[in-house]
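Peer 1: For reference, this is start_23.txt, and it has compact mmCIF, C-alpha atoms and all ligand atoms.
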# COMPACT_ATOMS: atom_id res chain seq x y z
CA MET Z 1 0.00 0.00 0.00
CA PRO Z 2 1.39 3.42 -0.89
CA GLU Z 3 2.56 5.35 2.18
CA LEU Z 4 3.87 8.90 2.51
CA PRO Z 5 7.08 8.43 0.46
CA GLU Z 6 5.27 6.74 -2.43
CA VAL Z 7 2.54 9.38 -2.49
CA GLU Z 8 5.21 12.10 -2.37
CA VAL Z 9 6.95 10.54 -5.38
CA VAL Z 10 3.62 10.37 -7.24
CA LYS Z 11 2.94 14.00 -6.30
CA ASN Z 12 6.32 15.13 -7.62
CA PHE Z 13 5.77 13.16 -10.81
CA LEU Z 14 2.29 14.61 -11.37
CA SER Z 15 3.44 18.14 -10.51
CA SER Z 16 6.27 18.09 -13.00
CA ASN Z 17 3.95 16.84 -15.74
CA PHE Z 18 0.67 18.63 -15.10
CA ASN Z 19 1.13 21.81 -13.05
CA GLY Z 20 -0.38 24.69 -15.02
CA LYS Z 21 -2.03 22.31 -17.50
CA ARG Z 22 -5.69 22.42 -18.49
CA ILE Z 23 -7.98 19.39 -18.32
CA GLN Z 24 -9.72 19.25 -21.69
CA LYS Z 25 -12.04 16.36 -20.93
CA THR Z 26 -12.41 13.30 -18.75
CA LYS Z 27 -13.76 9.83 -19.32
CA ILE Z 28 -15.00 7.41 -16.68
CA ILE Z 29 -14.26 3.83 -17.67
CA ASN Z 30 -15.21 2.20 -14.38
CA LYS Z 31 -16.77 4.33 -11.64
CA LYS Z 32 -16.47 1.63 -8.98
CA LEU Z 33 -13.86 2.63 -6.42
CA ARG Z 34 -14.05 2.87 -2.61
CA TYR Z 35 -16.50 5.69 -3.32
CA GLU Z 36 -18.06 5.72 -6.78
CA ILE Z 37 -16.68 8.33 -9.14
CA LYS Z 38 -19.55 10.80 -9.56
CA SER Z 39 -20.77 10.88 -13.15
CA ASN Z 40 -20.88 14.70 -13.12
CA ILE Z 41 -17.15 14.94 -12.34
CA ALA Z 42 -16.42 15.70 -16.01
CA LYS Z 43 -18.73 18.70 -16.03
CA LYS Z 44 -17.13 20.05 -12.88
CA ILE Z 45 -13.47 19.90 -13.84
CA ILE Z 46 -13.54 20.32 -17.61
CA ASN Z 47 -11.43 23.28 -18.75
CA LEU Z 48 -9.96 23.79 -15.29
CA ILE Z 49 -6.25 24.49 -14.97
CA ILE Z 50 -4.24 22.69 -12.29
CA LYS Z 51 -2.72 25.32 -10.00
CA LYS Z 52 -0.94 23.05 -7.58
CA ILE Z 53 -0.65 19.41 -6.61
CA TYR Z 54 0.12 18.69 -2.99
CA ARG Z 55 0.10 15.88 -0.47
CA LYS Z 56 -1.37 15.49 2.99
CA GLY Z 57 -0.42 12.22 4.65
CA LYS Z 58 -1.29 9.55 2.10
CA TYR Z 59 -3.70 11.84 0.22
CA LEU Z 60 -3.07 13.76 -2.99
CA ILE Z 61 -4.86 17.03 -3.65
CA LEU Z 62 -5.19 18.50 -7.13
CA LEU Z 63 -6.00 22.15 -6.62
CA PHE Z 64 -7.43 24.02 -9.61
CA GLU Z 65 -7.08 27.72 -10.40
CA ASN Z 66 -10.65 28.41 -9.24
CA ASN Z 67 -9.79 26.65 -5.93
CA TYR Z 68 -11.96 23.63 -6.64
CA SER Z 69 -10.06 20.43 -5.91
CA LEU Z 70 -9.86 16.70 -6.34
CA LEU Z 71 -8.94 14.57 -3.34
CA ILE Z 72 -7.24 11.34 -4.35
CA HIS Z 73 -6.34 8.32 -2.25
CA LEU Z 74 -4.46 5.47 -3.93
CA GLY Z 75 -5.89 2.79 -1.63
CA MET Z 76 -3.95 -0.47 -1.93
CA THR Z 77 -3.15 -0.60 -5.63
CA GLY Z 78 -4.03 2.75 -7.19
CA TYR Z 79 -1.52 4.29 -9.59
CA PHE Z 80 -1.30 6.77 -12.45
CA ARG Z 81 0.20 6.35 -15.86
CA VAL Z 82 0.78 8.89 -18.56
CA LEU Z 83 0.29 8.20 -22.25
CA SER Z 84 0.47 10.23 -25.42
CA LYS Z 85 -2.54 8.47 -26.97
CA GLU Z 86 -5.44 6.27 -25.87
CA HIS Z 87 -4.49 2.77 -24.84
CA PHE Z 88 -6.65 1.39 -22.07
CA ILE Z 89 -6.03 -1.71 -20.00
CA LYS Z 90 -7.92 -3.71 -17.42
CA HIS Z 91 -8.72 -1.85 -14.18
CA ASP Z 92 -8.45 1.62 -15.71
CA HIS Z 93 -11.03 3.83 -13.98
CA LEU Z 94 -10.69 7.47 -14.94
CA ILE Z 95 -8.94 9.28 -17.79
CA PHE Z 96 -7.91 12.94 -17.74
CA TYR Z 97 -7.21 14.37 -21.19
CA PHE Z 98 -4.67 17.19 -21.45
CA LYS Z 99 -3.51 18.90 -24.64
CA SER Z 100 -0.80 16.40 -25.48
CA LYS Z 101 -1.04 13.77 -22.74
CA LEU Z 102 -3.50 11.46 -21.05
CA LEU Z 103 -3.38 10.76 -17.33
CA ILE Z 104 -4.98 7.47 -16.38
CA TYR Z 105 -5.99 6.25 -12.93
CA ASN Z 106 -5.82 2.46 -12.61
CA ASP Z 107 -6.76 0.54 -9.46
CA ILE Z 108 -6.92 -3.26 -9.41
CA ARG Z 109 -8.35 -3.67 -5.92
CA LYS Z 110 -10.53 -0.54 -6.04
CA PHE Z 111 -9.74 0.70 -2.51
CA GLY Z 112 -8.65 4.10 -3.81
CA PHE Z 113 -10.95 7.02 -4.56
CA ILE Z 114 -11.24 10.35 -6.35
CA LYS Z 115 -13.60 12.97 -4.92
CA PHE Z 116 -14.45 16.49 -6.03
CA TYR Z 117 -14.62 19.40 -3.56
CA LYS Z 118 -15.66 23.04 -3.78
CA PRO Z 119 -13.28 25.76 -2.55
CA GLU Z 120 -12.26 25.45 1.12
CA GLU Z 121 -14.13 22.15 1.52
CA VAL Z 122 -11.36 19.65 1.06
CA LEU Z 123 -9.34 20.36 4.22
CA ASN Z 124 -12.53 20.17 6.29
CA SER Z 125 -13.64 16.93 4.67
CA SER Z 126 -14.10 13.85 6.82
CA HIS Z 127 -10.85 12.50 5.35
CA LEU Z 128 -8.64 15.42 6.34
CA GLU Z 129 -10.25 17.32 9.21
CA LYS Z 130 -8.70 15.15 11.93
CA ILE Z 131 -5.48 14.19 10.17
CA GLY Z 132 -2.37 14.54 12.33
CA PRO Z 133 0.72 16.66 11.59
CA GLU Z 134 3.03 15.90 8.70
CA PRO Z 135 6.13 14.04 9.93
CA PHE Z 136 8.39 16.71 8.40
CA SER Z 137 6.53 19.58 10.03
CA LYS Z 138 7.71 21.35 13.18
CA LYS Z 139 4.45 20.28 14.84
CA TYR Z 140 5.69 16.70 14.95
CA ASN Z 141 8.08 17.34 17.83
CA PHE Z 142 8.97 16.07 21.28
CA HIS Z 143 6.29 18.05 23.14
CA TYR Z 144 3.56 17.01 20.71
CA PHE Z 145 4.66 13.38 20.97
CA LYS Z 146 4.82 13.47 24.76
CA LEU Z 147 1.41 15.12 25.04
CA ASN Z 148 -0.30 12.63 22.73
CA SER Z 149 1.45 9.39 23.58
CA ASN Z 150 0.48 8.85 27.21
CA LYS Z 151 -1.49 5.82 26.13
CA THR Z 152 -1.76 2.12 26.82
CA THR Z 153 -1.56 1.31 23.12
CA ASN Z 154 1.73 0.08 21.65
CA ILE Z 155 4.04 2.36 19.69
CA LYS Z 156 3.45 0.62 16.34
CA ASN Z 157 -0.28 1.28 16.56
CA LEU Z 158 0.30 4.88 17.62
CA LEU Z 159 2.51 5.55 14.59
CA MET Z 160 -0.07 3.86 12.33
CA ASN Z 161 -2.79 6.20 13.64
CA GLN Z 162 -3.24 8.87 10.93
CA ASN Z 163 -4.70 11.27 13.50
CA PHE Z 164 -1.45 11.12 15.47
CA VAL Z 165 0.96 11.52 12.56
CA ALA Z 166 0.03 11.54 8.88
CA GLY Z 167 1.29 9.18 6.22
CA LEU Z 168 2.87 6.19 7.97
CA GLY Z 169 1.90 2.60 7.20
CA ASN Z 170 3.20 -0.88 7.76
CA ILE Z 171 6.49 -0.70 5.91
CA TYR Z 172 7.80 2.55 7.34
CA CYS Z 173 6.59 1.93 10.91
CA SER Z 174 8.70 -1.24 11.01
CA GLU Z 175 11.70 0.54 9.48
CA ILE Z 176 11.40 3.61 11.74
CA LEU Z 177 11.17 1.56 14.95
CA PHE Z 178 14.14 -0.56 13.87
CA ASP Z 179 16.17 2.58 13.18
CA ALA Z 180 15.15 4.02 16.56
CA ARG Z 181 15.88 0.69 18.31
CA VAL Z 182 12.41 0.66 19.87
CA ASN Z 183 10.39 -2.53 20.24
CA PRO Z 184 7.05 -2.24 18.37
CA ASN Z 185 5.27 -3.87 21.33
CA LYS Z 186 6.41 -1.12 23.71
CA ILE Z 187 3.48 0.54 25.45
CA CYS Z 188 3.53 4.25 24.60
CA LYS Z 189 3.37 5.59 28.14
CA ASN Z 190 6.45 3.52 29.00
CA LEU Z 191 8.63 5.16 26.34
CA ASP Z 192 11.41 7.23 27.86
CA ASN Z 193 12.34 10.67 26.55
CA THR Z 194 15.38 9.42 24.66
CA GLN Z 195 13.28 6.85 22.83
CA ILE Z 196 10.68 9.46 21.88
CA LYS Z 197 13.40 11.72 20.47
CA LYS Z 198 14.89 8.81 18.56
CA ILE Z 199 11.52 7.84 17.07
CA ILE Z 200 10.92 11.41 15.86
CA ARG Z 201 14.41 11.63 14.37
CA SER Z 202 14.11 8.20 12.72
CA THR Z 203 10.68 9.05 11.30
CA LYS Z 204 12.07 12.04 9.43
CA LYS Z 205 15.28 10.27 8.44
CA ILE Z 206 13.68 7.09 7.06
CA LEU Z 207 10.94 8.93 5.16
CA LEU Z 208 13.41 11.37 3.59
CA LYS Z 209 15.63 8.53 2.52
CA ALA Z 210 12.67 6.59 1.12
CA ILE Z 211 11.57 9.60 -0.95
CA LYS Z 212 15.11 9.98 -2.24
CA PHE Z 213 15.09 6.34 -3.36
CA GLY Z 214 11.69 6.73 -5.04
CA GLY Z 215 9.62 4.90 -2.42
CA THR Z 216 9.20 1.17 -2.01
CA THR Z 217 5.98 -0.15 -3.49
CA ILE Z 218 5.50 1.98 -6.59
CA LYS Z 219 5.20 0.39 -9.97
CA ASN Z 220 3.84 1.00 -13.42
CA PHE Z 221 4.63 4.61 -14.13
CA ALA Z 222 4.71 5.10 -17.86
CA VAL Z 223 7.74 7.33 -17.52
CA SER Z 224 10.69 7.69 -15.16
CA GLU Z 225 10.35 4.09 -14.07
CA GLU Z 226 14.08 3.89 -13.47
CA LYS Z 227 13.78 6.30 -10.55
CA ILE Z 228 11.09 4.62 -8.49
CA GLY Z 229 10.71 1.86 -5.95
CA TYR Z 230 14.38 1.55 -5.02
CA PHE Z 231 13.90 1.91 -1.28
CA LYS Z 232 12.95 -1.77 -1.32
CA ASN Z 233 16.69 -2.45 -1.55
CA GLU Z 234 17.22 -0.34 1.57
CA LEU Z 235 14.70 -2.11 3.82
CA LYS Z 236 16.32 -3.41 7.00
CA VAL Z 237 13.47 -5.39 8.62
CA TYR Z 238 10.26 -5.19 6.59
CA GLY Z 239 9.66 -8.52 4.85
CA LYS Z 240 12.86 -9.97 6.39
CA GLU Z 241 11.32 -12.60 8.65
CA ASN Z 242 13.85 -15.23 9.76
CA ILE Z 243 16.72 -13.33 8.16
CA ASN Z 244 19.64 -12.40 10.44
CA CYS Z 245 19.45 -8.93 11.95
CA ILE Z 246 21.98 -6.84 10.05
CA ARG Z 247 22.79 -4.72 13.10
CA CYS Z 248 23.25 -6.72 16.22
CA SER Z 249 24.20 -10.27 15.53
CA LYS Z 250 24.69 -12.99 13.01
CA ILE Z 251 22.50 -15.30 15.12
CA ILE Z 252 19.42 -13.21 15.98
CA LYS Z 253 16.71 -13.42 13.35
CA ILE Z 254 14.07 -10.84 12.45
CA LYS Z 255 10.63 -11.68 13.82
CA LYS Z 256 7.27 -11.15 12.22
CA ILE Z 257 4.30 -10.45 14.48
CA ILE Z 258 0.73 -9.32 13.84
CA GLN Z 259 -0.41 -6.12 15.55
CA ASN Z 260 -3.93 -4.87 15.04
CA GLY Z 261 -4.25 -7.22 12.07
CA ARG Z 262 -1.12 -5.87 10.33
CA SER Z 263 2.35 -7.41 10.15
CA THR Z 264 5.27 -5.88 11.97
CA PHE Z 265 8.91 -6.90 11.59
CA TYR Z 266 11.54 -6.30 14.27
CA CYS Z 267 14.62 -7.59 16.07
CA SER Z 268 13.82 -8.64 19.62
CA ASN Z 269 17.48 -8.25 20.58
CA CYS Z 270 18.36 -4.71 19.53
CA GLN Z 271 14.90 -3.12 19.77
CA LYS Z 272 14.00 -2.50 23.41
ZN ZN X 1 19.13 -6.72 15.99
In structure tokens, what does this structure look like?
Peer 2:
Amino acid sequence: MPELPEVEVVKNFLSSNFNGKRIQKTKIINKKLRYEIKSNIAKKIINLIIKKIYRKGKYLILLFENNYSLLIHLGMTGYFRVLSKEHFIKHDHLIFYFKSKLLIYNDIRKFGFIKFYKPEEVLNSSHLEKIGPEPFSKKYNFHYFKLNSNKTTNIKNLLMNQNFVAGLGNIYCSEILFDARVNPNKICKNLDNTQIKKIIRSTKKILLKAIKFGGTTIKNFAVSEEKIGYFKNELKVYGKENINCIRCSKIIKIKKIIQNGRSTFYCSNCQK
């Protein structure tokens, strides 16, 4: 599932291709997504020029010059591809036609969505109104963490909570906690100050590095494919069950556990 780094890479890709470009028409091929694509979406965005594309957590926002916007979530398998002429494939859902390019949203598992909002509405939508601070923002700091982490939940689940911090998912939570040497089962209120500081530092460090390497789970861009998905070679624990921990020992093996229905990978020796 795309997490913050993947969505950031998609955002950068879309920005460099479509900022300032006018949508000439749209075509719905399959409206069935997590929320159905409204059939009047074409009427609403036709002829609009994209002013800015930005990201909040795992969400993409296409802001138009008249301040209308599209909120996009990639779900589990959503991705965009860019073509110079029509060539549709299975699981294509929505096509945006620009002067010389087509932007196509494809989503095999249909957990993603694309919603239209009037000016000022999108940030107050049910999806974004409670979303936590961006990990790179100054708001995600020691005092914020301390204030909001006096809980009996474990640290993995806290980091996964989008209302606590925006954009983290399974892959990066495992990698961040490994980098910070904190056990994912640790109860939040038992974290000491040093551990909290390490988690914050590791969050920013791992995400920045992942963006630099083009994310982990991205595939199927029509262009610039050589630059994406290479953080998968940098993963230290995620997906490494029963492989020796690269940090502490040649004997200790990475464990896989299930927390809140999601897998977590960690080293029980060097994560305390
Ligand atoms: Zn270890």
Peer 1: Which residue gives the smallest distance to ligand ZN 1 (chain X) among Z:Thr26, Z:Asn260, Z:Ser249, Z:Thr203, with all atoms listed in the file counted?
Peer 2: Z:Ser249
Peer 1: If you count only C-alpha atoms and all ligand atoms, which residues end up within 9 Å of ligand ZN 1 (chain X), as a PyMOL selection string?
Peer 2: chain Z and resi 178+181+244-250+252-254+266-271
Peer 1: Between atom CA of Ile53 of chain Z and atom CA of Lys101 of chain Z, what is the spacing in Å?
Peer 2: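 Interatomic distance here is 17.1 Å.
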Peer 1: In Å to one decimal, how far is atom CA of Lys189 of chain Z from atom CA of Lys272 of chain Z?
Peer 2: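 Going from atom CA of Lys272 of chain Z over to atom CA of Lys189 of chain Z covers 14.2 Å.
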Peer 1: In terms of the shortest atom-to-atom distance over all atoms listed in the file, which of Z:Lys51, Z:Lys38, Z:Lys256, Z:Lys146 is closest to Ile23 of chain Z?
Peer 2: Z:Lys51
Peer 1: Find the residues with any atom within 12 Å of (5.9, -2.6, -2.0); use all atoms listed in the file and the coordinates as given in the file, and write the answer as JSON, numbers by chain.
Peer 2: {"Z": [1, 2, 3, 5, 6, 76, 77, 169, 170, 171, 172, 210, 214, 215, 216, 217, 218, 219, 228, 229, 230, 231, 232, 233, 235, 238, 239]}
Peer 1: At a cut-off of 8 Å around the point (-5.3, 21.1, -17.7) (file coordinates), what residues fall inside when counting all atoms listed in the file? I'd like the answer as a PDB file with C-alpha atoms, in the frame of the given file.
Peer 2:
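Full text of result.pdb as output:
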ATOM      1  CA  PHE Z  18       0.670  18.630 -15.100  1.00  0.00           C
ATOM      2  CA  ASN Z  19       1.130  21.810 -13.050  1.00  0.00           C
ATOM      3  CA  GLY Z  20      -0.380  24.690 -15.020  1.00  0.00           C
ATOM      4  CA  LYS Z  21      -2.030  22.310 -17.500  1.00  0.00           C
ATOM      5  CA  ARG Z  22      -5.690  22.420 -18.490  1.00  0.00           C
ATOM      6  CA  ILE Z  23      -7.980  19.390 -18.320  1.00  0.00           C
ATOM      7  CA  GLN Z  24      -9.720  19.250 -21.690  1.00  0.00           C
ATOM      8  CA  ASN Z  47     -11.430  23.280 -18.750  1.00  0.00           C
ATOM      9  CA  LEU Z  48      -9.960  23.790 -15.290  1.00  0.00           C
ATOM     10  CA  ILE Z  49      -6.250  24.490 -14.970  1.00  0.00           C
ATOM     11  CA  ILE Z  50      -4.240  22.690 -12.290  1.00  0.00           C
ATOM     12  CA  TYR Z  97      -7.210  14.370 -21.190  1.00  0.00           C
ATOM     13  CA  PHE Z  98      -4.670  17.190 -21.450  1.00  0.00           C
ATOM     14  CA  LYS Z  99      -3.510  18.900 -24.640  1.00  0.00           C
TER      15      LYS Z  99
END
